Amino acid sequence: MTGRAAMRTTKPPPEARAAANRRAAAHPVAWWGWALLLATAAGGTGNPWVLLLIVAVAGLVVTWCRGDEPWSGAYRVFLYIGLGAVAVRMAFYIVFGGADGPTVLLTLPSVTLPDWAAGFRLGGNVTAEGTLAAAYDGLRLATLLVCIGAANALASPRRLLRSVPAALYEVSVAVVVALSVAPQLVESVGRVRRARALRGNTSRSPANLMRTVVSPVLHDALERSLALAAAMASRGYGRAADVPAPARRATNAFLLTGLVGLCAGAYALLGAATPAPLAWTVVACGAAAAVFGITFASKRVPHTRYRPDRFGPRDWAVVAAGAAAVAGTVLSGVFEPSALWPATNPLSVPDLPLWAAAGVVIAAAPALLAPSSRGGTP
Amino acid sequence: MTGIVFDRVAFAYEGTPVLDDVSFDLPEGEFCLLVGPTGAGKSTLLKSVNGLVPHFTGGTMRGRIAVAGREVRGSTPADLADVVGYVGQDPLAGFVTDEVERELAYTAEQLGVDPAAMRKRVSEIVDLLGLADVRDRDLAALSSGQRQRVAIGAALVAGPAALVLDEPTSALDPTAADEVLSALHRLVHDLGVTVLLAEHRLERVAQYADSALLLHGGTVTAGPVGEVLAASPIAPPVVELGRLAGWPGPPVTIREARRHAAGLREALAGRRPEPPPAHGAAVTAPGRRKRATADAEPPLLDARDVHVRYPGGVRAVNGVDLVAARCERIALMGRNGSGKSSLLWALQGTGKRSSGQVAIGGADPAARKPAERRQLAGLVPAEPADLLYAETVADECEGADDDGRAPRGTCAKILADLVEGVDGSAHPRDLSEGQRLALALAVTLTAAPPLLLLDEPTRGLDYPAKAALAARLGRLAEAGHCVVVSTHDVEFCAEFATRVVVLSDGEVVADGPARQIVAASPMFAPQVEKVLPGWLTVGEVAAALNGNGTGDDPDD
């Protein structure tokens with residue numbers, strides 16, 4: 001152990017800390033479910049108060065529940081991306097126009113577009129009503145992004161992949177390996193570029209870049225993947241296990257049928273030509289076949305899992321908290337639809353839809369249900 | 001039950017024989033060291049134990065290999081995962097997951113070990129390898145010694161009968177290497193695993209091994225470590241010393257050698273090592289800094305209060321002062337992660353420098369364009385292949401001439417001076433490690449920088465290649481370059497350096513003549529110094545015994 005490593009873990013005994021972490025972290029599927037439900041709620045409203053409340057709730061839960069992992073900073077990154085989305089939406093409105101109103105804030109020099117581009121303008125009047133509508137719209141998009149960021153911060157995609165059914169194990173390993181390639185490529189590009197500077201090569205011609213950056217990086221990546229393949233093979237990946245060939249073929253067939261059924265159902269559902277009941281039947285059959293195939297296949301997979309994440313009552317509670325937000329928006333949609341989609345023309349301060357707000361507040365419950373060992377440190 | 005059996009194994013790759021009639025029989029629980037020059041086929045032999053050769057490389061193989069009674073030929077590496085654990089040189093390249101515990105459990109997951117049994121095994125391995133503090137950490141956050149121990153643990157979780165390691169400590173500093181090797185030594189005793197290990201830095205591993213295999217010219221010689229090393233072209237300094245003094249055995253550990261050393265100490269009494277080749281007596285004199293400022297000629301390198309900080313609050317280099325003159329041979333030593341590489345890159349100007357001043361011949365390299373920068377300071381990175389892009393050595397040399405706007409043939413001539421017999425039509429990646437390093441060095445020297453920096457140049461080099469490199473760098477220093485090498489290879493440092501700068505956590509903790517600094521630290525002392533205090537290399541002792549030793553102390 002190096003001195004530095006020892007220092008970092010002095011305060012709580014490491015064993016206890018590890019155990020605490022394991023107990024504290026909710027199931028990754030629960031976190032993704034919660035975040036996606038919150039995102040669904042955000043998608044169902046244009047009310048800025050509700051949207052800001054959702055961002056605040058997501059921020060609170062992330063601050064209280066995230067772990068110490070490197071991806072825990074994802075929330076902040078997505079917050080910036082969200083702000084960027086609002087800015088882009090506003091800029092688009094100012095340049096290309098959209099909803100209009102009587103209150104003109106400023107007039108930009110405008111360009112008359114040909115007839116085929118009717119409905120668009122370039123420049124012209126920028127109105128307060130239109131700006132506000134664009135801001136609400138941007139905020140909705142930003143909130144969706146922030147919810148995804150929260151999911152990333154609370155449970156890394158890698159942890160999520162670990163929870164896929166055993167039948168999809170090989171696929172999940174492939175995805176994990178692919179995920180680790182990206183940072184390696186970035187590192188490799190950095191190294192090669194620095195080495196290029198050592199040779200005094202600053203040429204920017206594509207041919208030169210191809211030869212001195214792209215080709216060494218690809219060479220590196222190839223060598224690395226061969227090394228990884230050899231390492232995985234020597235550690236038993238892709239073992240010919242004692243599963244009889246007919247059983248293996250049967251499971252593969254079930255899996256494939258199920259997935260094809262799902263795809264066909266989704267296509268039927270989205271396409272207008274198929275009547276809805278038929279489409280839903282196809283989806284249901286496909287899903288059933290896939291679930292059966294995956295369960296059947298999972299029983300025959302020769303691999304086992306180390307410390308699989310278990311889905312307990314608390315994880316259900318986390319998902320339920322997310323569902324409360326959706327339920328709130330649905331109820332508001334029934335009882336107070338005008339508050340859910342506030343009008344910007346005429347200009348007014350939007351009302352707070354109480355049902356939706358209450359639902360979102362309930363969605364903050366995971367902050368108390370599953371606080372991380374780090375407590376409230378940002 | 002037996003450990004590892006090779007019976008008349010031959011392997012040829014594209015018609016070139018690599019192994020030729022290799023036969024040996026390792027008993028169960030033996031810790032065996034595989035010795036041989038670079039390119040002798042050590043990796044091929046190791047990889048054939050679990051079938052990676054020929055499954056992943058191609059080539060034709062004959063003969064019989066068996067591990068713990070299981071036939072290797074006809075099985076894939078994956079099928080053999082429960083009998084053979086394989087650990088490569090770079091643990092990061094072989095990690096499949098991103099957390100310590102998951103990585104440890106990976107093989108067991110593949111083998112379908114029952115979850116309860118798996119948890120128990122992982123816990124046992126964590127304790128055996130002393131990984132309890134880091135078991136829930138990310139692999140990326142570990143030190144290199146810890147990573148290598150995780151790799152060993154990951155190979156052991158399935159309870160294999162044999163463990164094969166290809167240069168497990170060559171990227172590690174002496175302390176981390178010791179952690180890894182002592183953990184390995186304990187495993188052999190506790191679990192009865194048969195260990196076959198190849199390593200260039202024999203001075204680190206020879207003391208742990210029960211027996212040795214010498215692979216030379218495609219055939220192996222097996223026997224006790226001392227006997228095998230005595231006959232080997234590749235031997236650690238303590239064995240060379242034993243050979244020189246005619247000690248029986250010869251001894252492979254420092255303790256054994258000390259028992260025999262009394263006679264040699266007497267013979268050397270009153271003699272002192274010959275000072276390094278005269279190229280300015282000032283180099284060996286202490287108080288160089290005073291001399292440099294007092295001299296009419298300003299120092300070549302003048303770095304003051306250099307800081308390098310990375311995002312996340314990492315202070316890689318923390319206020320380093322370094323003044324160096326032409327003709328100096330400086331070894332920058334320190335543990336992995338002590339800031340050696342960051343300092344070299346900051347001195348060269350291409351790497352990040354957060355604050356402080358660097359002047360090379362009065363000019364700040366970071367303020368110059370890359371093409372001018374490399375005329376002030378040349379850096380050979382830890383991965384010398386990064387400097388090489390061309391398809392052939394000849395093209396590479398021409399490219400280097402163009403990059404440096406040097407007359408045609410400059411680089412080729414430098415390369416010919418550095419090392420003989422490099423085939424101009426060979427691909428740079430096909431060269432041996434030593435040749436590739438020489439090519440990268442030649443490319444760097446084409447710009448004729450007065451300051452030459454090398455980052456960990458000795459990885460993958462055997463003793464003769466390291467001696468050749470030390471001689472080569474010594475000649476460059478005599479020709480007026482200032483050579484700074486970052487290394488944790490104590491034997492190379494003893495051969496090469498006249499001045500040692502020790503870094504720890506980004507700060508200079510010691511700076512002075514090599515002989516003093518190295519003697520004061522058990523971690524950095526070469527083997528000869530441990531047996532014969534005051535002497536650093538076998539060459540010095542041999543010269544003194546031949547009557548060339550001087551009577552006066554150069555440090556006075």
# chains A, B, ... in the order shown; residues from 1 in each chain; ligands from 1
>>> interface_residues(of="chain A", to="chain B", cutoff="6 Å", atoms="only C-alpha atoms", output="number ranges by chain")
A: 14, 192, 195, 197, 200, 212, 228, 231, 233-237, 239, 302-305
>>> select_by_dssp(residues="range 285-365 of chain B", states="strand (DSSP E or B)", output="PyMOL selection string")
chain B and resi 301-310+314-324+329-333+355-360+363
>>> select_by_dssp(residues="range 223-351 of chain A", states="helix (DSSP H, G or I)", output="MDAnalysis selection string")
chainID A and resid 223:234 245:270 276:300 313:335 337:340
>>> residues_around(residues="range 357-365 of chain B", least_positions_apart="4", cutoff="12 Å", atoms="only C-alpha atoms", output="PyMOL selection string")
(chain A and resi 198) or (chain B and resi 297-308+319-326+343-353+369-378+449-452+481-482)
>>> write_last_selection(atoms="N, CA and C atoms", output="compact mmCIF listing (two decimals), in the first residue's frame")
# COMPACT_ATOMS: atom_id res chain seq x y z
N LEU A 198 6.75 16.65 -29.62
CA LEU A 198 8.16 16.38 -29.32
C LEU A 198 8.97 16.30 -30.60
N GLU B 297 30.62 30.13 -17.13
CA GLU B 297 29.58 29.59 -17.99
C GLU B 297 28.30 29.37 -17.19
N PRO B 298 27.18 29.92 -17.63
CA PRO B 298 25.94 29.71 -16.88
C PRO B 298 25.49 28.26 -17.03
N PRO B 299 24.68 27.76 -16.08
CA PRO B 299 24.22 26.36 -16.19
C PRO B 299 23.34 26.20 -17.42
N LEU B 300 23.34 24.98 -17.95
CA LEU B 300 22.51 24.73 -19.15
C LEU B 300 21.03 24.79 -18.78
N LEU B 301 20.69 24.06 -17.71
CA LEU B 301 19.28 24.01 -17.30
C LEU B 301 19.15 24.73 -15.98
N ASP B 302 18.23 25.67 -15.93
CA ASP B 302 17.99 26.38 -14.69
C ASP B 302 16.47 26.42 -14.46
N ALA B 303 15.98 25.51 -13.63
CA ALA B 303 14.54 25.45 -13.35
C ALA B 303 14.32 25.89 -11.92
N ARG B 304 13.40 26.80 -11.74
CA ARG B 304 13.15 27.35 -10.40
C ARG B 304 11.69 27.20 -10.04
N ASP B 305 11.44 26.59 -8.87
CA ASP B 305 10.10 26.56 -8.28
C ASP B 305 9.05 26.06 -9.28
N VAL B 306 9.35 24.95 -9.95
CA VAL B 306 8.42 24.42 -10.95
C VAL B 306 7.26 23.70 -10.26
N HIS B 307 6.05 24.08 -10.64
CA HIS B 307 4.85 23.41 -10.14
C HIS B 307 4.09 22.83 -11.31
N VAL B 308 3.56 21.63 -11.14
CA VAL B 308 2.62 21.09 -12.13
C VAL B 308 1.41 20.62 -11.35
N GLY B 319 7.04 22.64 -6.59
CA GLY B 319 8.14 23.53 -6.25
C GLY B 319 9.51 22.88 -6.39
N VAL B 320 9.84 22.40 -7.58
CA VAL B 320 11.14 21.75 -7.79
C VAL B 320 12.14 22.75 -8.35
N ASP B 321 13.33 22.80 -7.76
CA ASP B 321 14.46 23.56 -8.30
C ASP B 321 15.43 22.55 -8.88
N LEU B 322 15.88 22.78 -10.10
CA LEU B 322 16.87 21.87 -10.67
C LEU B 322 17.81 22.67 -11.54
N VAL B 323 19.10 22.62 -11.18
CA VAL B 323 20.12 23.31 -11.97
C VAL B 323 21.08 22.26 -12.48
N ALA B 324 21.36 22.27 -13.77
CA ALA B 324 22.23 21.24 -14.31
C ALA B 324 23.13 21.83 -15.39
N ALA B 325 24.34 21.31 -15.46
CA ALA B 325 25.31 21.80 -16.44
C ALA B 325 25.45 20.78 -17.56
N ARG B 326 26.10 21.18 -18.64
CA ARG B 326 26.43 20.23 -19.69
C ARG B 326 27.29 19.12 -19.13
N LEU B 343 7.61 16.14 -14.29
CA LEU B 343 8.72 17.09 -14.24
C LEU B 343 9.47 17.11 -15.57
N LEU B 344 9.75 15.91 -16.11
CA LEU B 344 10.48 15.86 -17.39
C LEU B 344 9.70 16.59 -18.48
N TRP B 345 8.38 16.34 -18.56
CA TRP B 345 7.58 16.97 -19.60
C TRP B 345 7.52 18.47 -19.39
N ALA B 346 7.47 18.90 -18.12
CA ALA B 346 7.43 20.34 -17.86
C ALA B 346 8.76 20.98 -18.23
N LEU B 347 9.87 20.28 -17.97
CA LEU B 347 11.18 20.83 -18.31
C LEU B 347 11.32 20.95 -19.82
N GLN B 348 10.78 19.95 -20.54
CA GLN B 348 10.90 20.00 -21.99
C GLN B 348 10.03 21.11 -22.57
N GLY B 349 8.95 21.45 -21.87
CA GLY B 349 8.13 22.56 -22.33
C GLY B 349 6.84 22.12 -23.01
N THR B 350 6.76 20.85 -23.45
CA THR B 350 5.54 20.38 -24.10
C THR B 350 4.48 20.04 -23.05
N GLY B 351 4.94 19.56 -21.88
CA GLY B 351 4.00 19.22 -20.82
C GLY B 351 3.54 20.46 -20.09
N LYS B 352 2.61 20.25 -19.21
CA LYS B 352 2.01 21.36 -18.49
C LYS B 352 2.97 21.89 -17.41
N ARG B 353 3.01 23.20 -17.27
CA ARG B 353 3.74 23.81 -16.14
C ARG B 353 2.83 24.86 -15.54
N LYS B 369 8.05 27.61 -30.17
CA LYS B 369 7.26 26.68 -30.98
C LYS B 369 7.85 25.27 -30.84
N PRO B 370 7.02 24.23 -31.03
CA PRO B 370 7.54 22.87 -30.85
C PRO B 370 8.84 22.61 -31.61
N ALA B 371 8.94 23.13 -32.84
CA ALA B 371 10.12 22.84 -33.65
C ALA B 371 11.38 23.46 -33.04
N GLU B 372 11.23 24.66 -32.42
CA GLU B 372 12.40 25.28 -31.79
C GLU B 372 12.65 24.66 -30.42
N ARG B 373 11.55 24.27 -29.76
CA ARG B 373 11.63 23.69 -28.42
C ARG B 373 12.51 22.45 -28.43
N ARG B 374 12.35 21.64 -29.46
CA ARG B 374 13.10 20.38 -29.46
C ARG B 374 14.56 20.58 -29.77
N GLN B 375 14.91 21.79 -30.19
CA GLN B 375 16.34 22.08 -30.35
C GLN B 375 16.97 22.48 -29.02
N LEU B 376 16.13 22.82 -28.04
CA LEU B 376 16.62 23.12 -26.69
C LEU B 376 16.68 21.84 -25.86
N ALA B 377 15.57 21.09 -25.88
CA ALA B 377 15.49 19.89 -25.05
C ALA B 377 14.77 18.80 -25.81
N GLY B 378 15.36 17.62 -25.83
CA GLY B 378 14.72 16.48 -26.47
C GLY B 378 14.22 15.54 -25.40
N PRO B 449 19.54 18.65 -29.49
CA PRO B 449 19.25 19.40 -28.27
C PRO B 449 20.38 19.23 -27.24
N PRO B 450 20.78 20.32 -26.57
CA PRO B 450 21.82 20.17 -25.55
C PRO B 450 21.32 19.39 -24.33
N LEU B 451 20.01 19.52 -24.05
CA LEU B 451 19.45 18.81 -22.90
C LEU B 451 18.67 17.61 -23.40
N LEU B 452 19.00 16.43 -22.88
CA LEU B 452 18.34 15.21 -23.34
C LEU B 452 17.62 14.57 -22.15
N HIS B 481 26.24 16.82 -24.02
CA HIS B 481 24.82 16.88 -23.67
C HIS B 481 24.68 16.81 -22.16
N CYS B 482 23.58 17.34 -21.68
CA CYS B 482 23.22 17.07 -20.29
C CYS B 482 22.11 16.03 -20.36
>>> residues_around(residues="range 521-525 of chain B", least_positions_apart="5", cutoff="7 Å", atoms="only C-alpha atoms", output="ChimeraX atom specification")
/B:174,490,530
>>> closest_residue(among="B:Lys42, B:Lys120, B:Arg271, B:Arg265", to="Ala543 in chain B", atoms="only C-alpha atoms")
B:Arg271
>>> residues_around(residues="range 151-157 of chain A", least_positions_apart="4", cutoff="9 Å", atoms="only C-alpha atoms", output="JSON, numbers by chain")
{"A": [25, 26, 27, 28, 29, 31, 32, 33, 34, 35, 36, 61, 62, 65, 66, 67, 69, 70, 71, 72, 73, 74, 75, 76, 146, 147, 161, 162, 176]}
>>> residues_around(residues="Thr537 in chain B", least_positions_apart="2", cutoff="10 Å", atoms="only C-alpha atoms", output="number ranges by chain")
B: 237-238, 240-241, 273, 491-492, 494-495, 526-529, 532, 534-535, 539-542
>>> closest_residue(among="A:Ala245, A:Ala227, A:Ala221, A:Ala30", to="Phe311 in chain A", atoms="only C-alpha atoms")
A:Ala30
>>> atom_distance(atom1="CA of Gly46 in chain A", atom2="CA of Ala317 in chain A")
26.8 Å
>>> residues_around(residues="range 14-21 of chain B", least_positions_apart="5", cutoff="6 Å", atoms="only C-alpha atoms", output="PyMOL selection string")
chain B and resi 8-9+41+218-219
>>> atom_distance(atom1="CA of Leu33 in chain B", atom2="CA of His189 in chain B")
16.0 Å
>>> decode(residues="range 316-348 of chain B", atoms="N, CA and C atoms", output="compact mmCIF listing (two decimals), in the first residue's frame")
# COMPACT_ATOMS: atom_id res chain seq x y z
N ALA B 316 1.32 17.25 -9.00
CA ALA B 316 2.29 16.25 -9.46
C ALA B 316 3.71 16.72 -9.15
N VAL B 317 3.98 17.98 -9.42
CA VAL B 317 5.30 18.55 -9.13
C VAL B 317 5.06 19.77 -8.26
N ASN B 318 5.82 19.85 -7.18
CA ASN B 318 5.49 20.82 -6.15
C ASN B 318 6.71 21.65 -5.79
N GLY B 319 7.04 22.64 -6.59
CA GLY B 319 8.14 23.53 -6.25
C GLY B 319 9.51 22.88 -6.39
N VAL B 320 9.84 22.40 -7.58
CA VAL B 320 11.14 21.75 -7.79
C VAL B 320 12.14 22.75 -8.35
N ASP B 321 13.33 22.80 -7.76
CA ASP B 321 14.46 23.56 -8.30
C ASP B 321 15.43 22.55 -8.88
N LEU B 322 15.88 22.78 -10.10
CA LEU B 322 16.87 21.87 -10.67
C LEU B 322 17.81 22.67 -11.54
N VAL B 323 19.10 22.62 -11.18
CA VAL B 323 20.12 23.31 -11.97
C VAL B 323 21.08 22.26 -12.48
N ALA B 324 21.36 22.27 -13.77
CA ALA B 324 22.23 21.24 -14.31
C ALA B 324 23.13 21.83 -15.39
N ALA B 325 24.34 21.31 -15.46
CA ALA B 325 25.31 21.80 -16.44
C ALA B 325 25.45 20.78 -17.56
N ARG B 326 26.10 21.18 -18.64
CA ARG B 326 26.43 20.23 -19.69
C ARG B 326 27.29 19.12 -19.13
N CYS B 327 27.26 17.96 -19.79
CA CYS B 327 28.08 16.80 -19.41
C CYS B 327 27.58 16.10 -18.14
N GLU B 328 26.51 16.61 -17.53
CA GLU B 328 26.03 15.93 -16.33
C GLU B 328 25.19 14.72 -16.71
N ARG B 329 25.24 13.69 -15.84
CA ARG B 329 24.42 12.49 -16.05
C ARG B 329 23.56 12.34 -14.81
N ILE B 330 22.31 12.74 -14.95
CA ILE B 330 21.42 12.82 -13.79
C ILE B 330 20.37 11.73 -13.86
N ALA B 331 20.21 11.02 -12.75
CA ALA B 331 19.10 10.07 -12.65
C ALA B 331 18.05 10.67 -11.73
N LEU B 332 16.82 10.70 -12.23
CA LEU B 332 15.70 11.22 -11.46
C LEU B 332 14.98 10.00 -10.91
N MET B 333 15.04 9.82 -9.59
CA MET B 333 14.46 8.60 -9.02
C MET B 333 13.28 8.94 -8.14
N GLY B 334 12.50 7.94 -7.82
CA GLY B 334 11.34 8.13 -6.96
C GLY B 334 10.32 7.07 -7.26
N ARG B 335 9.32 7.00 -6.40
CA ARG B 335 8.31 5.96 -6.57
C ARG B 335 7.43 6.26 -7.77
N ASN B 336 6.62 5.27 -8.18
CA ASN B 336 5.62 5.52 -9.22
C ASN B 336 4.71 6.63 -8.72
N GLY B 337 4.45 7.60 -9.57
CA GLY B 337 3.54 8.67 -9.17
C GLY B 337 4.19 9.75 -8.33
N SER B 338 5.54 9.78 -8.29
CA SER B 338 6.18 10.82 -7.49
C SER B 338 6.40 12.09 -8.30
N GLY B 339 6.01 12.10 -9.56
CA GLY B 339 6.09 13.33 -10.35
C GLY B 339 7.27 13.36 -11.31
N LYS B 340 7.96 12.22 -11.51
CA LYS B 340 9.14 12.21 -12.39
C LYS B 340 8.77 12.58 -13.82
N SER B 341 7.77 11.88 -14.37
CA SER B 341 7.39 12.14 -15.76
C SER B 341 6.88 13.55 -15.94
N SER B 342 6.01 13.99 -15.01
CA SER B 342 5.45 15.33 -15.11
C SER B 342 6.58 16.36 -15.12
N LEU B 343 7.61 16.14 -14.29
CA LEU B 343 8.72 17.09 -14.24
C LEU B 343 9.47 17.11 -15.57
N LEU B 344 9.75 15.91 -16.11
CA LEU B 344 10.48 15.86 -17.39
C LEU B 344 9.70 16.59 -18.48
N TRP B 345 8.38 16.34 -18.56
CA TRP B 345 7.58 16.97 -19.60
C TRP B 345 7.52 18.47 -19.39
N ALA B 346 7.47 18.90 -18.12
CA ALA B 346 7.43 20.34 -17.86
C ALA B 346 8.76 20.98 -18.23
N LEU B 347 9.87 20.28 -17.97
CA LEU B 347 11.18 20.83 -18.31
C LEU B 347 11.32 20.95 -19.82
N GLN B 348 10.78 19.95 -20.54
CA GLN B 348 10.90 20.00 -21.99
C GLN B 348 10.03 21.11 -22.57
